[in-house]
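File shown here: start_37.cif, holding mmCIF, N, CA and C atoms.
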```
data_model
loop_
_atom_site.label_atom_id
_atom_site.label_comp_id
_atom_site.auth_asym_id
_atom_site.auth_seq_id
_atom_site.Cartn_x
_atom_site.Cartn_y
_atom_site.Cartn_z
N MET A 192 -27.45 20.98 4.57
CA MET A 192 -26.03 21.03 4.91
C MET A 192 -25.50 19.62 5.16
N SER A 193 -24.29 19.37 4.79
CA SER A 193 -23.68 18.04 4.88
C SER A 193 -23.51 17.60 6.33
N GLN A 194 -23.65 16.31 6.56
CA GLN A 194 -23.51 15.73 7.89
C GLN A 194 -22.08 15.28 8.19
N ILE A 195 -21.15 15.51 7.27
CA ILE A 195 -19.78 15.04 7.43
C ILE A 195 -19.03 15.90 8.43
N LYS A 196 -18.37 15.24 9.38
CA LYS A 196 -17.52 15.93 10.34
C LYS A 196 -16.07 15.67 9.94
N THR A 197 -15.22 16.64 10.13
CA THR A 197 -13.84 16.49 9.68
C THR A 197 -12.86 16.24 10.83
N LYS A 198 -13.36 16.17 12.07
CA LYS A 198 -12.48 15.91 13.20
C LYS A 198 -11.95 14.49 13.16
N GLU A 199 -10.71 14.34 13.61
CA GLU A 199 -10.14 12.99 13.71
C GLU A 199 -10.88 12.22 14.79
N GLY A 200 -10.90 10.91 14.66
CA GLY A 200 -11.55 10.08 15.66
C GLY A 200 -13.06 9.97 15.49
N THR A 201 -13.59 10.40 14.34
CA THR A 201 -15.03 10.34 14.12
C THR A 201 -15.44 9.03 13.47
N GLY A 202 -14.48 8.20 13.08
CA GLY A 202 -14.79 6.96 12.40
C GLY A 202 -15.11 7.15 10.93
N LEU A 203 -14.78 8.29 10.38
CA LEU A 203 -15.04 8.58 8.96
C LEU A 203 -13.76 8.42 8.16
N LYS A 204 -13.92 8.03 6.90
CA LYS A 204 -12.80 7.93 5.97
C LYS A 204 -13.05 8.88 4.81
N ARG A 205 -12.01 9.47 4.30
CA ARG A 205 -12.11 10.38 3.15
C ARG A 205 -11.98 9.56 1.87
N LEU A 206 -12.79 9.91 0.88
CA LEU A 206 -12.75 9.25 -0.43
C LEU A 206 -12.50 10.33 -1.47
N ASN A 207 -11.42 10.21 -2.20
CA ASN A 207 -11.08 11.16 -3.25
C ASN A 207 -11.37 10.54 -4.61
N VAL A 208 -12.00 11.30 -5.47
CA VAL A 208 -12.34 10.82 -6.81
C VAL A 208 -11.92 11.89 -7.82
N ASN A 209 -11.22 11.48 -8.85
CA ASN A 209 -10.82 12.40 -9.92
C ASN A 209 -11.89 12.40 -11.00
N ILE A 210 -12.47 13.56 -11.26
CA ILE A 210 -13.45 13.72 -12.34
C ILE A 210 -13.09 14.97 -13.12
N SER A 211 -13.64 15.06 -14.32
CA SER A 211 -13.33 16.23 -15.15
C SER A 211 -13.92 17.49 -14.52
N GLU A 212 -13.32 18.62 -14.83
CA GLU A 212 -13.82 19.90 -14.33
C GLU A 212 -15.24 20.14 -14.80
N THR A 213 -15.52 19.75 -16.03
CA THR A 213 -16.86 19.95 -16.59
C THR A 213 -17.91 19.15 -15.82
N LEU A 214 -17.60 17.88 -15.55
CA LEU A 214 -18.54 17.05 -14.79
C LEU A 214 -18.72 17.58 -13.38
N HIS A 215 -17.63 18.02 -12.76
CA HIS A 215 -17.71 18.58 -11.41
C HIS A 215 -18.62 19.81 -11.38
N ARG A 216 -18.42 20.72 -12.33
CA ARG A 216 -19.25 21.93 -12.39
C ARG A 216 -20.72 21.58 -12.60
N SER A 217 -20.97 20.63 -13.50
CA SER A 217 -22.35 20.23 -13.79
C SER A 217 -23.00 19.59 -12.57
N PHE A 218 -22.27 18.72 -11.90
CA PHE A 218 -22.78 18.04 -10.70
C PHE A 218 -23.06 19.05 -9.59
N LYS A 219 -22.11 19.96 -9.38
CA LYS A 219 -22.27 20.98 -8.34
C LYS A 219 -23.49 21.86 -8.63
N SER A 220 -23.66 22.28 -9.86
CA SER A 220 -24.80 23.11 -10.25
C SER A 220 -26.12 22.37 -10.08
N ALA A 221 -26.16 21.10 -10.52
CA ALA A 221 -27.38 20.31 -10.42
C ALA A 221 -27.77 20.10 -8.96
N ALA A 222 -26.79 19.79 -8.13
CA ALA A 222 -27.06 19.58 -6.70
C ALA A 222 -27.56 20.88 -6.06
N ALA A 223 -26.88 21.97 -6.33
CA ALA A 223 -27.26 23.26 -5.75
C ALA A 223 -28.65 23.69 -6.19
N ALA A 224 -28.99 23.41 -7.44
CA ALA A 224 -30.32 23.77 -7.96
C ALA A 224 -31.42 23.06 -7.20
N GLN A 225 -31.10 21.89 -6.63
CA GLN A 225 -32.07 21.13 -5.85
C GLN A 225 -31.91 21.37 -4.35
N GLY A 226 -30.98 22.26 -3.99
CA GLY A 226 -30.75 22.57 -2.58
C GLY A 226 -30.04 21.44 -1.85
N LEU A 227 -29.25 20.65 -2.59
CA LEU A 227 -28.57 19.50 -2.01
C LEU A 227 -27.06 19.69 -2.01
N GLU A 228 -26.39 18.96 -1.13
CA GLU A 228 -24.93 18.96 -1.07
C GLU A 228 -24.42 17.79 -1.91
N MET A 229 -23.32 18.00 -2.61
CA MET A 229 -22.74 16.92 -3.41
C MET A 229 -22.37 15.73 -2.53
N THR A 230 -21.81 15.98 -1.36
CA THR A 230 -21.41 14.92 -0.45
C THR A 230 -22.61 14.06 -0.05
N ASP A 231 -23.72 14.70 0.26
CA ASP A 231 -24.91 13.94 0.67
C ASP A 231 -25.41 13.05 -0.47
N LEU A 232 -25.37 13.55 -1.69
CA LEU A 232 -25.80 12.75 -2.83
C LEU A 232 -24.88 11.54 -3.03
N ILE A 233 -23.59 11.76 -2.95
CA ILE A 233 -22.63 10.67 -3.14
C ILE A 233 -22.79 9.62 -2.04
N LEU A 234 -22.94 10.07 -0.79
CA LEU A 234 -23.14 9.12 0.31
C LEU A 234 -24.41 8.29 0.10
N GLU A 235 -25.47 8.93 -0.38
CA GLU A 235 -26.72 8.22 -0.65
C GLU A 235 -26.51 7.17 -1.74
N TRP A 236 -25.80 7.54 -2.80
CA TRP A 236 -25.55 6.60 -3.90
C TRP A 236 -24.72 5.41 -3.43
N ILE A 237 -23.69 5.69 -2.64
CA ILE A 237 -22.84 4.61 -2.13
C ILE A 237 -23.66 3.68 -1.24
N GLN A 238 -24.48 4.25 -0.36
CA GLN A 238 -25.30 3.43 0.53
C GLN A 238 -26.26 2.55 -0.26
N ARG A 239 -26.90 3.10 -1.30
CA ARG A 239 -27.80 2.31 -2.14
C ARG A 239 -27.05 1.17 -2.82
N TYR A 240 -25.84 1.45 -3.29
CA TYR A 240 -25.04 0.41 -3.96
C TYR A 240 -24.73 -0.72 -2.99
N VAL A 241 -24.28 -0.37 -1.78
CA VAL A 241 -23.95 -1.38 -0.78
C VAL A 241 -25.20 -2.15 -0.37
N ASP A 242 -26.32 -1.46 -0.19
CA ASP A 242 -27.57 -2.13 0.18
C ASP A 242 -27.97 -3.14 -0.89
N LYS A 243 -27.81 -2.77 -2.15
CA LYS A 243 -28.21 -3.63 -3.26
C LYS A 243 -27.26 -4.81 -3.43
N ASN A 244 -25.97 -4.58 -3.30
CA ASN A 244 -24.97 -5.59 -3.59
C ASN A 244 -24.45 -6.34 -2.38
N GLY A 245 -24.81 -5.89 -1.20
CA GLY A 245 -24.39 -6.57 0.02
C GLY A 245 -22.92 -6.38 0.31
N LEU A 246 -22.55 -6.86 1.48
CA LEU A 246 -21.15 -6.79 1.89
C LEU A 246 -20.43 -8.00 1.34
N VAL A 247 -19.26 -7.78 0.80
CA VAL A 247 -18.45 -8.86 0.27
C VAL A 247 -17.20 -8.95 1.11
N ALA A 248 -16.97 -10.13 1.69
CA ALA A 248 -15.77 -10.31 2.51
C ALA A 248 -14.54 -10.27 1.61
N PRO A 249 -13.51 -9.54 2.03
CA PRO A 249 -12.29 -9.49 1.21
C PRO A 249 -11.63 -10.85 1.16
N LYS A 250 -11.04 -11.16 0.00
CA LYS A 250 -10.34 -12.42 -0.14
C LYS A 250 -9.03 -12.35 0.63
N LYS A 251 -8.72 -13.44 1.30
CA LYS A 251 -7.44 -13.50 2.04
C LYS A 251 -6.33 -13.78 1.05
N SER A 252 -5.26 -13.02 1.18
CA SER A 252 -4.13 -13.24 0.29
C SER A 252 -3.27 -14.37 0.84
N ARG A 253 -2.71 -15.11 -0.06
CA ARG A 253 -1.83 -16.21 0.34
C ARG A 253 -0.40 -15.81 0.03
N ARG A 254 0.36 -15.66 1.05
CA ARG A 254 1.76 -15.30 0.87
C ARG A 254 2.60 -16.56 0.93
N ALA A 255 3.59 -16.59 0.08
CA ALA A 255 4.47 -17.78 0.02
C ALA A 255 5.50 -17.75 1.11
#
```
Serialized structure, structure tokens:
Amino acid sequence: MSQIKTKEGTGLKRLNVNISETLHRSFKSAAAAQGLEMTDLILEWIQRYVDKNGLVAPKKSRRA
């Protein structure tokens, strides 16, 4: 079961991604077949990406 809490004040941010219905169905089926939640898989992938690529400080914008 997913560890995501939906209450405000939890320090969590929502991420919306548009994907095709076909890809969504395939992803949902593949995750369910392994007894996994789609959210948990996505969080794991994001964490691996950040771990591999490190934190990048945002560039400061220069306003005229």
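You will find atom N of Leu232 in chain A at 9.9 Å from atom C of Phe218 in chain A.
CA of Ala221 in chain A to atom N of Leu234 in chain A spans 14.7 Å [interatomic distance, one decimal].
CA of Gly200 in chain A is positioned 23.1 Å from CA of Met229 in chain A.
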